[in-house]
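K.L.:
Have a look at the structure that comes next, please.
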Amino acid sequence: MAILWQEGTRLLRRQDNELMWIEPWGKNSLRVRATCMADMPQEDWALLPQTQTQGDIRIHGGGAEITNGFLTAIISPAGEITFRNGAGKVLLSEQWNTRGEGFSHISALEIPGREWMPIMGGDYTFTQRFEPHPDEKIFGMGQYQDGCLDKKGCTLELAHRNSQSSVPFYVSTLGYGFLWHNPSVGRVTFAKNRTEWVARSTKVMDYWITASDEPREIMAAYADATGHAPMMPDYGMGFWQCKLRYRTQEEVLRIAREHKGRGLPLDVIVCDFFHWPYQGDWRFDEAEFPDPAAMVQELNAMGIELMVSFWPFVDERSENYQEMREKGYLARSDRGLQFSMKFCGNTTPYDATIPEARKHVWGIVKRNYYDKGIRIFWLDEAEPECHVYDYDLYRFRQGPVLQVGNIYPLVYAQTFYEGMREAGQENPLNLLRCAWAGSQRYGALVWSGDIDTTFRTLREQFAIGLSMGMAGIPWWTTDIGGFHGGDQSDPTYRELMIRWFQFGAFCPVFRLHGDRLNGEPSLNPAKPGTGGPNEVWSYGEEAYGILSSFLFLREAMRPYIQRVMQAAHQQGEPVMRPLFYGFPQDPHASAVEDAYLFGPDVLVAPVMELGLRQRPVYLPAGASWVEVATGKRYPGGQTVTAQAPLSAIPLFLREGAVVEGLSASTDCH
């Protein structure tokens with residue numbers, strides 16, 4: 001028989017070796033924890049402390065209920081948990097296939113809803129099972145290269161890789177949001193017969209759930225619980241120029257001068273990897289960048305910020321390696337050599353789970369970069385990438401990677417955010433290749449990694465951008481044109497570049513990058529070479545005319561983008577949104593996986609197929625829409641055919657909305 005009792009605002013349940021806590025955690029939200037350890041682990045990971053809310057707790061007949069606003073958790077005498085909203089609708093319920101009094105379903109299978117599997121000599125593998133709902137659609141969960149916007153029916157690895165970010169929060173069309181608040185490596189399956197979460201090594205079950213019929217209220221509750229993104233700085237809203245890689249100070253300045261000489265907008269230019277002598281030196285190589293401060297000064301005079309690449313890895317030859325190893329600031333391998341990455345040297349990432357290591361690294365960065373005027377960093381390799389993804393091999397001071405590894409990109413971003421804030425900078429913004437729940441509060445702008453240069457890949461990035469937004473990461477971007485390859489003279493690739501660039505103009509950050517063909521060798525044989533030209537004038541005159549028109553369009557839309565970014569900062573609203581987000585009452589909107597909302601008023605229908613010159617577009621019910629290219633007005637709730645010449649991306653405005661830079665029959669579409 002279980003024991004149930006109340007301590008303050010918390011409902012507690014003890015049965016055998018399992019202790020459970022359920023407590024209010026923000027408006028209309030509950031946090032649920034359980035453990036088989038002697039005491040409940042106290043890590044908050046992504047969740048922030050909340051003002052204590054006194055929920056309504058009732059203990060009766062061996063079971064209990066706890067209500068916080070619009071959400072109620074009901075615990076049966078057997079320990080089975082069901083969540084209902086304020087109208088009594090079941091949102092989520094545990095799935096138990098076992099015998100025993102008090103279960104909603106009696107089964108000889110003996111498969112529990114919460115399963116603790118002891119690891120010999122260690123902690124537990126934990127499995128949480130929930131009942132499926134046939135009509136549910138799931139939006140969020142982060143960055144997976146699968147092209148699926150609706151994650152129902154998907155199996156997802158809860159682990160980070162190059163181009164994969166596990167951000168385990170989703171919004172359901174049933175009217176709830178769910179955060180799997182556990183940084184363990186594992187998996188989740190949103191199957192037809194069950195939803196199943198697995199943590200391969202853990203001490204605790206920990207999740208957070210919130211309820212509302214409005215997706216924007218769910219996202220606001222999530223931002224309150226895990227942290228709001230800072231306000232996007234003004235330079236973040238314009239155009240970012242990048243390639244792999246500008247090899248010298250003069251190359252960086254030459255491209256910046258060319259942009260300005262052509263009268264093209266440019267807000268950020270990027271100095272990519274191996275501008276340093278060795279990984280972990282975290283400074284410019286004086287032979288290639290003789291006067292970084294003067295370079296930054298000239299760029300700033302042109303209205304351009306310089307972003308520099310930073311890798312967390314420390315080469316054994318680096319000037320900082322020995323000290324950091326002696327102080328225990330490097331990650332470990334449990335077996336074999338300490339090195340976890342072999343790329344231009346044997347390297348190990350610094351252990352960002354250690355507060356002293358974060359301060360040590362920032363001290364070097366501040367001296368070598370920040371004090372020279374650099375105010376934005378490209379925090380690459382944020383997973384961190386492993387030469388071999390054997391997650392059970394690596395360890396941080398806070399725990400083995402199997403148990404805590406998914407926290408790394410969050411504390412990596414924290415290193416720079418806290419250092420920049422301490423230096424007096426408001427609203428830090430840094431580019432990372434990975435994120436976890438809560439990364440948004442540390443100014444994380446995530447990009448989708450080292451991806452291919454195909455239309456299929458473009459389609460996958462479309463789904464990823466929306467999924468990241470619905471996972472609570474409002475700032476996101478891609479390598480426009482893809483990363484691996486791309487022939488500037490190939491007509492097929494030029495068309496892909498144009499279509500991707502059009503899509504990029506309606507992403508939170510508008511950024512061109514890639515390792516193009518026709519590159520040059522490095523000036524230093526010990527360093528990687530450079531990809532080919534990757535500026536807007538690199539793809540022929542026709543492409544240049546189209547690409548430059550979208551540079552000016554983005555610039556004209558700046559006042560609207562500022563308002564959208566303000567909503568992301570204050571209310572936690574995604575910048576890119578599935579149609580479902582703006583129109584949850586339209587059942588057809590949740591099924592659309594080829595168009596999206598950029599802010600509340602712009603419907604974007606990107607072209608993601610070679611040779612396509614027209615396409616169907618569903619216009620959600622609940623508003624009337626004006627086609628930008630023609631000025632035609634359409635009632636919502638119907639599918640229309642939009643023309644899509646190579647120079648244009650189909651766009652529709654919510655009737656009555658004011659969007660600077662976009663109006664009916666605008667010349668640049």
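Identifiers in the structure tokens: chain A, B, ... in order shown; residue index from 1 per chain; ligand index from 1 in order shown.
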Set out as a Markdown table a contact list for region 207-325 of chain A and region 560-583 of chain A with a cut-off of 7 Å, giving each residue of region 207-325 of chain A that qualifies its closest atom pair and distance in Å to one decimal, counting only C-alpha atoms, ordered by chain and rising residue number.
P.N.:
```
| residue | atom | partner | partner_atom | distance |
| --- | --- | --- | --- | --- |
| A:Pro215 | CA | A:Tyr581 | CA | 5.7 |
| A:Arg216 | CA | A:Glu573 | CA | 6.5 |
| A:Met219 | CA | A:Gly572 | CA | 5.7 |
| A:Ala220 | CA | A:Gln571 | CA | 5.1 |
| A:Ala223 | CA | A:Gly572 | CA | 5.2 |
| A:His228 | CA | A:His569 | CA | 5.9 |
| A:Ala229 | CA | A:His569 | CA | 5.1 |
| A:Pro230 | CA | A:His569 | CA | 5.6 |
| A:Met231 | CA | A:His569 | CA | 5.2 |
| A:Met232 | CA | A:Met565 | CA | 6.2 |
```
K.L.:
Could you please take those selected residues and save all heavy atoms as a compact mmCIF listing (two decimals), in the first residue's frame?
P.N.:
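The resulting again_10.txt:
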```txt
# COMPACT_ATOMS: atom_id res chain seq x y z
N PRO A 215 -1.71 27.40 -28.17
CA PRO A 215 -0.27 27.12 -28.23
C PRO A 215 0.60 28.26 -27.71
O PRO A 215 1.63 28.02 -27.08
CB PRO A 215 -0.03 26.87 -29.72
CG PRO A 215 -1.35 26.40 -30.25
CD PRO A 215 -2.38 27.15 -29.46
N ARG A 216 0.19 29.51 -27.93
CA ARG A 216 1.03 30.62 -27.48
C ARG A 216 1.09 30.68 -25.95
O ARG A 216 2.11 31.08 -25.39
CB ARG A 216 0.52 31.96 -28.04
CG ARG A 216 -0.89 32.33 -27.69
CD ARG A 216 -1.24 33.74 -28.19
NE ARG A 216 -0.80 33.97 -29.55
CZ ARG A 216 -1.51 33.68 -30.63
NH1 ARG A 216 -2.71 33.12 -30.49
NH2 ARG A 216 -1.05 33.91 -31.83
N MET A 219 3.68 28.03 -24.97
CA MET A 219 5.04 28.51 -25.19
C MET A 219 5.44 29.57 -24.16
O MET A 219 6.59 29.61 -23.71
CB MET A 219 5.19 29.07 -26.60
CG MET A 219 4.97 28.05 -27.72
SD MET A 219 6.01 26.59 -27.63
CE MET A 219 7.64 27.31 -27.83
N ALA A 220 4.50 30.42 -23.76
CA ALA A 220 4.79 31.43 -22.74
C ALA A 220 5.09 30.76 -21.40
O ALA A 220 6.02 31.16 -20.68
CB ALA A 220 3.61 32.39 -22.61
N ALA A 223 8.60 29.26 -21.59
CA ALA A 223 9.63 30.29 -21.47
C ALA A 223 9.76 30.76 -20.02
O ALA A 223 10.87 30.97 -19.53
CB ALA A 223 9.32 31.47 -22.39
N HIS A 228 13.62 33.00 -20.74
CA HIS A 228 13.31 33.73 -21.97
C HIS A 228 14.59 34.03 -22.73
O HIS A 228 15.64 34.32 -22.14
CB HIS A 228 12.60 35.04 -21.64
CG HIS A 228 11.20 34.86 -21.16
ND1 HIS A 228 10.11 35.27 -21.88
CD2 HIS A 228 10.70 34.30 -20.02
CE1 HIS A 228 9.00 34.99 -21.22
NE2 HIS A 228 9.34 34.40 -20.08
N ALA A 229 14.52 33.96 -24.05
CA ALA A 229 15.63 34.42 -24.88
C ALA A 229 15.81 35.92 -24.67
O ALA A 229 14.82 36.65 -24.51
CB ALA A 229 15.35 34.12 -26.34
N PRO A 230 17.05 36.41 -24.67
CA PRO A 230 17.23 37.86 -24.64
C PRO A 230 16.62 38.48 -25.90
O PRO A 230 16.27 37.78 -26.84
CB PRO A 230 18.76 38.03 -24.64
CG PRO A 230 19.31 36.69 -24.28
CD PRO A 230 18.31 35.68 -24.74
N MET A 231 16.51 39.80 -25.90
CA MET A 231 16.08 40.47 -27.12
C MET A 231 17.17 40.34 -28.17
O MET A 231 18.36 40.52 -27.89
CB MET A 231 15.81 41.95 -26.84
CG MET A 231 15.40 42.75 -28.07
SD MET A 231 13.87 42.13 -28.84
CE MET A 231 13.84 43.11 -30.34
N MET A 232 16.77 39.97 -29.38
CA MET A 232 17.72 39.87 -30.49
C MET A 232 18.35 41.24 -30.74
O MET A 232 17.62 42.23 -30.96
CB MET A 232 17.01 39.39 -31.75
CG MET A 232 17.84 39.41 -33.01
SD MET A 232 19.10 38.14 -33.12
CE MET A 232 18.10 36.68 -33.49
```
K.L.:
Write out as JSON, numbers by chain which residues come within 7 Å of region 496-509 of chain A when counting only C-alpha atoms, dropping same-chain ones fewer than 3 positions away.
P.N.:
{"A": [236, 237, 455, 458, 475, 476, 477, 480, 481, 492, 493, 543, 547, 550, 554, 575, 576, 598, 606, 607, 649]}
K.L.:
Skipping near chain neighbours, those fewer than 4 positions away, what residues fall within 9 Å of region 253-260 of chain A using only C-alpha atoms, listed as a list in words?
P.N.:
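Contacts, in chain order: Gln241, Thr248, Gln249, Leu264, Pro265, Leu266, Ile269, Met295, Glu298, Leu299, Met302, Ile304 and Glu535 of chain A.
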K.L.:
Report as JSON lines: every residue of region 447-501 of chain A with an atom at most 12 Å from region 126-138 of chain A, its closest pair of atoms, and their distance in Å to one decimal, counting only C-alpha atoms, with rows sorted by chain and ascending residue number.
P.N.:
```
{"residue": "A:Leu466", "atom": "CA", "partner": "A:Ile138", "partner_atom": "CA", "distance": 11.8}
{"residue": "A:Ser467", "atom": "CA", "partner": "A:Ile138", "partner_atom": "CA", "distance": 9.5}
{"residue": "A:Met470", "atom": "CA", "partner": "A:Ile138", "partner_atom": "CA", "distance": 9.5}
{"residue": "A:Ala471", "atom": "CA", "partner": "A:Ile138", "partner_atom": "CA", "distance": 10.6}
```
K.L.:
Give the answer as one residue: which of A:Asp594, A:Glu660, A:Asp392, A:Glu381 has the shortest atom-to-atom distance to Leu432 (chain A), using only C-alpha atoms?
P.N.:
A:Glu381
K.L.:
How many Å separate CA of Glu422 (chain A) from CA of Pro233 (chain A)?
P.N.:
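Value for the CA of Glu422 (chain A)-CA of Pro233 (chain A) distance: 17.3 Å.
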K.L.:
So that I can check the secondary structure, give me every residue of region 125-315 of chain A assigned alpha helix (DSSP H) by backbone DSSP, as a VMD selection string.
P.N.:
chain A and resid 215 to 226 249 to 261 292 to 301
K.L.:
Would you mind listing what lies within 10 Å of region 92-103 of chain A as a PDB file with N, CA and C atoms, in the first residue's frame, with only C-alpha atoms counted and same-chain residues fewer than 5 positions away left out?
P.N.:
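Below you can see around38.pdb, which holds the result:
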```pdb
ATOM      1  N   GLY A  62      -6.606   6.044  -0.957  1.00  0.00           N
ATOM      2  CA  GLY A  62      -5.379   5.472  -1.482  1.00  0.00           C
ATOM      3  C   GLY A  62      -4.831   6.189  -2.692  1.00  0.00           C
ATOM      4  N   GLY A  63      -5.575   7.147  -3.236  1.00  0.00           N
ATOM      5  CA  GLY A  63      -5.135   7.940  -4.376  1.00  0.00           C
ATOM      6  C   GLY A  63      -5.085   9.413  -4.020  1.00  0.00           C
ATOM      7  N   ALA A  73      -3.410  16.543 -12.033  1.00  0.00           N
ATOM      8  CA  ALA A  73      -2.799  15.214 -12.061  1.00  0.00           C
ATOM      9  C   ALA A  73      -3.551  14.331 -11.070  1.00  0.00           C
ATOM     10  N   ILE A  74      -3.981  13.175 -11.544  1.00  0.00           N
ATOM     11  CA  ILE A  74      -4.730  12.226 -10.725  1.00  0.00           C
ATOM     12  C   ILE A  74      -3.866  10.976 -10.559  1.00  0.00           C
ATOM     13  N   ILE A  75      -3.614  10.593  -9.310  1.00  0.00           N
ATOM     14  CA  ILE A  75      -2.849   9.382  -9.013  1.00  0.00           C
ATOM     15  C   ILE A  75      -3.812   8.331  -8.491  1.00  0.00           C
ATOM     16  N   SER A  76      -3.888   7.212  -9.182  1.00  0.00           N
ATOM     17  CA  SER A  76      -4.764   6.124  -8.737  1.00  0.00           C
ATOM     18  C   SER A  76      -4.132   5.417  -7.539  1.00  0.00           C
ATOM     19  N   PRO A  77      -4.905   4.603  -6.809  1.00  0.00           N
ATOM     20  CA  PRO A  77      -4.317   3.844  -5.693  1.00  0.00           C
ATOM     21  C   PRO A  77      -3.144   2.971  -6.126  1.00  0.00           C
ATOM     22  N   ALA A  78      -3.119   2.545  -7.385  1.00  0.00           N
ATOM     23  CA  ALA A  78      -2.013   1.725  -7.875  1.00  0.00           C
ATOM     24  C   ALA A  78      -0.792   2.561  -8.253  1.00  0.00           C
ATOM     25  N   GLY A  79      -0.937   3.883  -8.299  1.00  0.00           N
ATOM     26  CA  GLY A  79       0.169   4.758  -8.653  1.00  0.00           C
ATOM     27  C   GLY A  79       0.155   5.245 -10.085  1.00  0.00           C
ATOM     28  N   GLU A  80      -0.868   4.920 -10.845  1.00  0.00           N
ATOM     29  CA  GLU A  80      -0.994   5.336 -12.239  1.00  0.00           C
ATOM     30  C   GLU A  80      -1.395   6.811 -12.295  1.00  0.00           C
ATOM     31  N   ILE A  81      -0.716   7.597 -13.161  1.00  0.00           N
ATOM     32  CA  ILE A  81      -0.950   9.040 -13.240  1.00  0.00           C
ATOM     33  C   ILE A  81      -1.697   9.371 -14.523  1.00  0.00           C
ATOM     34  N   THR A  82      -2.737  10.211 -14.374  1.00  0.00           N
ATOM     35  CA  THR A  82      -3.489  10.735 -15.503  1.00  0.00           C
ATOM     36  C   THR A  82      -3.565  12.247 -15.376  1.00  0.00           C
ATOM     37  N   PHE A  83      -3.376  12.949 -16.496  1.00  0.00           N
ATOM     38  CA  PHE A  83      -3.454  14.407 -16.511  1.00  0.00           C
ATOM     39  C   PHE A  83      -4.709  14.835 -17.274  1.00  0.00           C
ATOM     40  N   ARG A  84      -5.483  15.735 -16.664  1.00  0.00           N
ATOM     41  CA  ARG A  84      -6.683  16.289 -17.291  1.00  0.00           C
ATOM     42  C   ARG A  84      -6.606  17.804 -17.279  1.00  0.00           C
ATOM     43  N   ASN A  85      -7.288  18.425 -18.275  1.00  0.00           N
ATOM     44  CA  ASN A  85      -7.359  19.883 -18.265  1.00  0.00           C
ATOM     45  C   ASN A  85      -8.567  20.358 -17.473  1.00  0.00           C
ATOM     46  N   ALA A 108      -1.879  -9.377 -18.390  1.00  0.00           N
ATOM     47  CA  ALA A 108      -0.901 -10.375 -17.963  1.00  0.00           C
ATOM     48  C   ALA A 108       0.499 -10.066 -18.467  1.00  0.00           C
ATOM     49  N   LEU A 109       0.668  -9.001 -19.262  1.00  0.00           N
ATOM     50  CA  LEU A 109       1.972  -8.699 -19.829  1.00  0.00           C
ATOM     51  C   LEU A 109       3.001  -8.282 -18.782  1.00  0.00           C
ATOM     52  N   GLU A 110       2.532  -7.665 -17.705  1.00  0.00           N
ATOM     53  CA  GLU A 110       3.407  -7.179 -16.640  1.00  0.00           C
ATOM     54  C   GLU A 110       4.451  -6.184 -17.172  1.00  0.00           C
ATOM     55  N   ILE A 111       3.951  -5.176 -17.931  1.00  0.00           N
ATOM     56  CA  ILE A 111       4.793  -4.082 -18.408  1.00  0.00           C
ATOM     57  C   ILE A 111       4.357  -2.817 -17.679  1.00  0.00           C
ATOM     58  N   PRO A 112       5.172  -2.300 -16.772  1.00  0.00           N
ATOM     59  CA  PRO A 112       4.745  -1.146 -15.970  1.00  0.00           C
ATOM     60  C   PRO A 112       4.830   0.160 -16.745  1.00  0.00           C
ATOM     61  N   GLY A 113       4.101   1.158 -16.272  1.00  0.00           N
ATOM     62  CA  GLY A 113       4.184   2.486 -16.866  1.00  0.00           C
ATOM     63  C   GLY A 113       5.463   3.205 -16.507  1.00  0.00           C
ATOM     64  N   ARG A 114       5.991   2.929 -15.321  1.00  0.00           N
ATOM     65  CA  ARG A 114       7.290   3.456 -14.886  1.00  0.00           C
ATOM     66  C   ARG A 114       8.166   2.253 -14.544  1.00  0.00           C
ATOM     67  N   GLN A 128       9.604   5.378 -19.220  1.00  0.00           N
ATOM     68  CA  GLN A 128       8.293   5.969 -18.910  1.00  0.00           C
ATOM     69  C   GLN A 128       7.380   5.737 -20.102  1.00  0.00           C
ATOM     70  N   ARG A 129       6.201   5.131 -19.854  1.00  0.00           N
ATOM     71  CA  ARG A 129       5.264   4.809 -20.929  1.00  0.00           C
ATOM     72  C   ARG A 129       3.956   5.564 -20.730  1.00  0.00           C
ATOM     73  N   PHE A 130       3.452   6.145 -21.831  1.00  0.00           N
ATOM     74  CA  PHE A 130       2.173   6.839 -21.825  1.00  0.00           C
ATOM     75  C   PHE A 130       1.263   6.232 -22.889  1.00  0.00           C
ATOM     76  N   GLU A 131      -0.030   6.365 -22.650  1.00  0.00           N
ATOM     77  CA  GLU A 131      -1.023   5.916 -23.629  1.00  0.00           C
ATOM     78  C   GLU A 131      -0.947   6.806 -24.874  1.00  0.00           C
ATOM     79  N   PRO A 132      -1.134   6.234 -26.057  1.00  0.00           N
ATOM     80  CA  PRO A 132      -1.156   7.037 -27.281  1.00  0.00           C
ATOM     81  C   PRO A 132      -2.526   7.669 -27.486  1.00  0.00           C
ATOM     82  N   HIS A 133      -2.579   8.658 -28.347  1.00  0.00           N
ATOM     83  CA  HIS A 133      -3.857   9.240 -28.773  1.00  0.00           C
ATOM     84  C   HIS A 133      -3.854   9.267 -30.294  1.00  0.00           C
ATOM     85  N   LEU A 174      -3.457  18.279 -28.605  1.00  0.00           N
ATOM     86  CA  LEU A 174      -4.478  18.015 -27.578  1.00  0.00           C
ATOM     87  C   LEU A 174      -4.577  19.145 -26.568  1.00  0.00           C
ATOM     88  N   TYR A 176      -1.522  20.528 -24.624  1.00  0.00           N
ATOM     89  CA  TYR A 176      -0.553  20.516 -23.530  1.00  0.00           C
ATOM     90  C   TYR A 176       0.859  20.600 -24.104  1.00  0.00           C
ATOM     91  N   PHE A 178       4.976  19.382 -23.069  1.00  0.00           N
ATOM     92  CA  PHE A 178       5.648  18.381 -22.249  1.00  0.00           C
ATOM     93  C   PHE A 178       7.151  18.509 -22.404  1.00  0.00           C
ATOM     94  N   ASN A 193       1.062   2.629 -30.705  1.00  0.00           N
ATOM     95  CA  ASN A 193       0.586   1.851 -29.559  1.00  0.00           C
ATOM     96  C   ASN A 193       1.042   2.385 -28.220  1.00  0.00           C
ATOM     97  N   ARG A 194       2.040   3.274 -28.203  1.00  0.00           N
ATOM     98  CA  ARG A 194       2.441   3.913 -26.953  1.00  0.00           C
ATOM     99  C   ARG A 194       3.446   5.017 -27.232  1.00  0.00           C
ATOM    100  N   THR A 195       3.548   5.928 -26.267  1.00  0.00           N
ATOM    101  CA  THR A 195       4.663   6.867 -26.207  1.00  0.00           C
ATOM    102  C   THR A 195       5.613   6.354 -25.135  1.00  0.00           C
ATOM    103  N   GLU A 196       6.893   6.250 -25.475  1.00  0.00           N
ATOM    104  CA  GLU A 196       7.850   5.638 -24.550  1.00  0.00           C
ATOM    105  C   GLU A 196       9.133   6.450 -24.501  1.00  0.00           C
ATOM    106  N   ILE A 209       4.920  19.432 -17.255  1.00  0.00           N
ATOM    107  CA  ILE A 209       3.783  19.448 -18.172  1.00  0.00           C
ATOM    108  C   ILE A 209       2.950  20.697 -17.905  1.00  0.00           C
TER     109      ILE A 209
END
```
K.L.:
Applying 9 Å and only C-alpha atoms, which residues near Gln145 (chain A) remain after dropping the ones on its own chain fewer than 6 positions away? List them as a PDB file with all heavy atoms, in the first residue's frame.
P.N.:
```pdb
ATOM      1  N   SER A 163      24.696  18.119 -36.439  1.00  0.00           N
ATOM      2  CA  SER A 163      23.432  18.374 -37.144  1.00  0.00           C
ATOM      3  C   SER A 163      22.215  17.802 -36.421  1.00  0.00           C
ATOM      4  O   SER A 163      21.105  17.870 -36.945  1.00  0.00           O
ATOM      5  CB  SER A 163      23.461  17.887 -38.605  1.00  0.00           C
ATOM      6  OG  SER A 163      23.278  16.490 -38.706  1.00  0.00           O
ATOM      7  N   GLN A 164      22.375  17.276 -35.206  1.00  0.00           N
ATOM      8  CA  GLN A 164      21.231  16.783 -34.420  1.00  0.00           C
ATOM      9  C   GLN A 164      21.263  17.401 -33.030  1.00  0.00           C
ATOM     10  O   GLN A 164      22.269  17.326 -32.335  1.00  0.00           O
ATOM     11  CB  GLN A 164      21.292  15.265 -34.302  1.00  0.00           C
ATOM     12  CG  GLN A 164      20.201  14.651 -33.419  1.00  0.00           C
ATOM     13  CD  GLN A 164      20.228  13.137 -33.441  1.00  0.00           C
ATOM     14  OE1 GLN A 164      19.985  12.530 -34.469  1.00  0.00           O
ATOM     15  NE2 GLN A 164      20.530  12.525 -32.304  1.00  0.00           N
ATOM     16  N   SER A 448      21.806  24.393 -38.107  1.00  0.00           N
ATOM     17  CA  SER A 448      21.477  22.979 -38.270  1.00  0.00           C
ATOM     18  C   SER A 448      22.642  22.105 -38.708  1.00  0.00           C
ATOM     19  O   SER A 448      22.435  20.988 -39.175  1.00  0.00           O
ATOM     20  CB  SER A 448      20.306  22.819 -39.245  1.00  0.00           C
ATOM     21  OG  SER A 448      20.584  23.426 -40.485  1.00  0.00           O
ATOM     22  N   ILE A 451      25.417  20.126 -43.220  1.00  0.00           N
ATOM     23  CA  ILE A 451      24.379  19.436 -43.995  1.00  0.00           C
ATOM     24  C   ILE A 451      24.723  19.393 -45.475  1.00  0.00           C
ATOM     25  O   ILE A 451      25.591  20.107 -45.963  1.00  0.00           O
ATOM     26  CB  ILE A 451      23.019  20.129 -43.777  1.00  0.00           C
ATOM     27  CG1 ILE A 451      23.135  21.630 -44.064  1.00  0.00           C
ATOM     28  CG2 ILE A 451      22.505  19.869 -42.369  1.00  0.00           C
ATOM     29  CD1 ILE A 451      21.852  22.396 -43.976  1.00  0.00           C
ATOM     30  N   THR A 457      17.634  18.055 -48.591  1.00  0.00           N
ATOM     31  CA  THR A 457      18.172  18.629 -47.362  1.00  0.00           C
ATOM     32  C   THR A 457      17.484  19.945 -47.030  1.00  0.00           C
ATOM     33  O   THR A 457      17.195  20.231 -45.859  1.00  0.00           O
ATOM     34  CB  THR A 457      19.685  18.837 -47.504  1.00  0.00           C
ATOM     35  OG1 THR A 457      20.295  17.587 -47.843  1.00  0.00           O
ATOM     36  CG2 THR A 457      20.285  19.330 -46.206  1.00  0.00           C
ATOM     37  N   GLU A 460      14.353  19.188 -45.335  1.00  0.00           N
ATOM     38  CA  GLU A 460      14.579  18.773 -43.948  1.00  0.00           C
ATOM     39  C   GLU A 460      14.835  19.976 -43.045  1.00  0.00           C
ATOM     40  O   GLU A 460      14.375  20.005 -41.896  1.00  0.00           O
ATOM     41  CB  GLU A 460      15.758  17.796 -43.893  1.00  0.00           C
ATOM     42  CG  GLU A 460      15.446  16.444 -44.527  1.00  0.00           C
ATOM     43  CD  GLU A 460      16.660  15.565 -44.712  1.00  0.00           C
ATOM     44  OE1 GLU A 460      17.793  16.072 -44.567  1.00  0.00           O
ATOM     45  OE2 GLU A 460      16.473  14.366 -45.010  1.00  0.00           O
ATOM     46  N   GLN A 461      15.543  20.985 -43.555  1.00  0.00           N
ATOM     47  CA  GLN A 461      15.811  22.177 -42.731  1.00  0.00           C
ATOM     48  C   GLN A 461      14.525  22.951 -42.461  1.00  0.00           C
ATOM     49  O   GLN A 461      14.366  23.551 -41.393  1.00  0.00           O
ATOM     50  CB  GLN A 461      16.852  23.073 -43.403  1.00  0.00           C
ATOM     51  CG  GLN A 461      18.131  22.385 -43.814  1.00  0.00           C
ATOM     52  CD  GLN A 461      18.593  21.305 -42.865  1.00  0.00           C
ATOM     53  OE1 GLN A 461      18.931  21.586 -41.719  1.00  0.00           O
ATOM     54  NE2 GLN A 461      18.632  20.066 -43.343  1.00  0.00           N
ATOM     55  N   ALA A 463      11.582  21.668 -41.891  1.00  0.00           N
ATOM     56  CA  ALA A 463      10.944  21.014 -40.745  1.00  0.00           C
ATOM     57  C   ALA A 463      11.715  21.279 -39.459  1.00  0.00           C
ATOM     58  O   ALA A 463      11.122  21.460 -38.385  1.00  0.00           O
ATOM     59  CB  ALA A 463      10.820  19.511 -41.000  1.00  0.00           C
ATOM     60  N   ILE A 464      13.034  21.320 -39.562  1.00  0.00           N
ATOM     61  CA  ILE A 464      13.860  21.539 -38.370  1.00  0.00           C
ATOM     62  C   ILE A 464      13.631  22.935 -37.797  1.00  0.00           C
ATOM     63  O   ILE A 464      13.510  23.107 -36.578  1.00  0.00           O
ATOM     64  CB  ILE A 464      15.346  21.328 -38.716  1.00  0.00           C
ATOM     65  CG1 ILE A 464      15.649  19.837 -38.860  1.00  0.00           C
ATOM     66  CG2 ILE A 464      16.250  21.934 -37.635  1.00  0.00           C
ATOM     67  CD1 ILE A 464      17.028  19.548 -39.386  1.00  0.00           C
TER      68      ILE A 464
END
```
K.L.:
Find the residues near Arg161 (chain A): any atom within 12 Å, counting only C-alpha atoms, skip ones fewer than 3 places away on the same chain, and give them as a PyMOL selection string.
P.N.:
chain A and resi 143-145+157-158+164-166+185+381-391+405-406+408-409+433-435+448-450
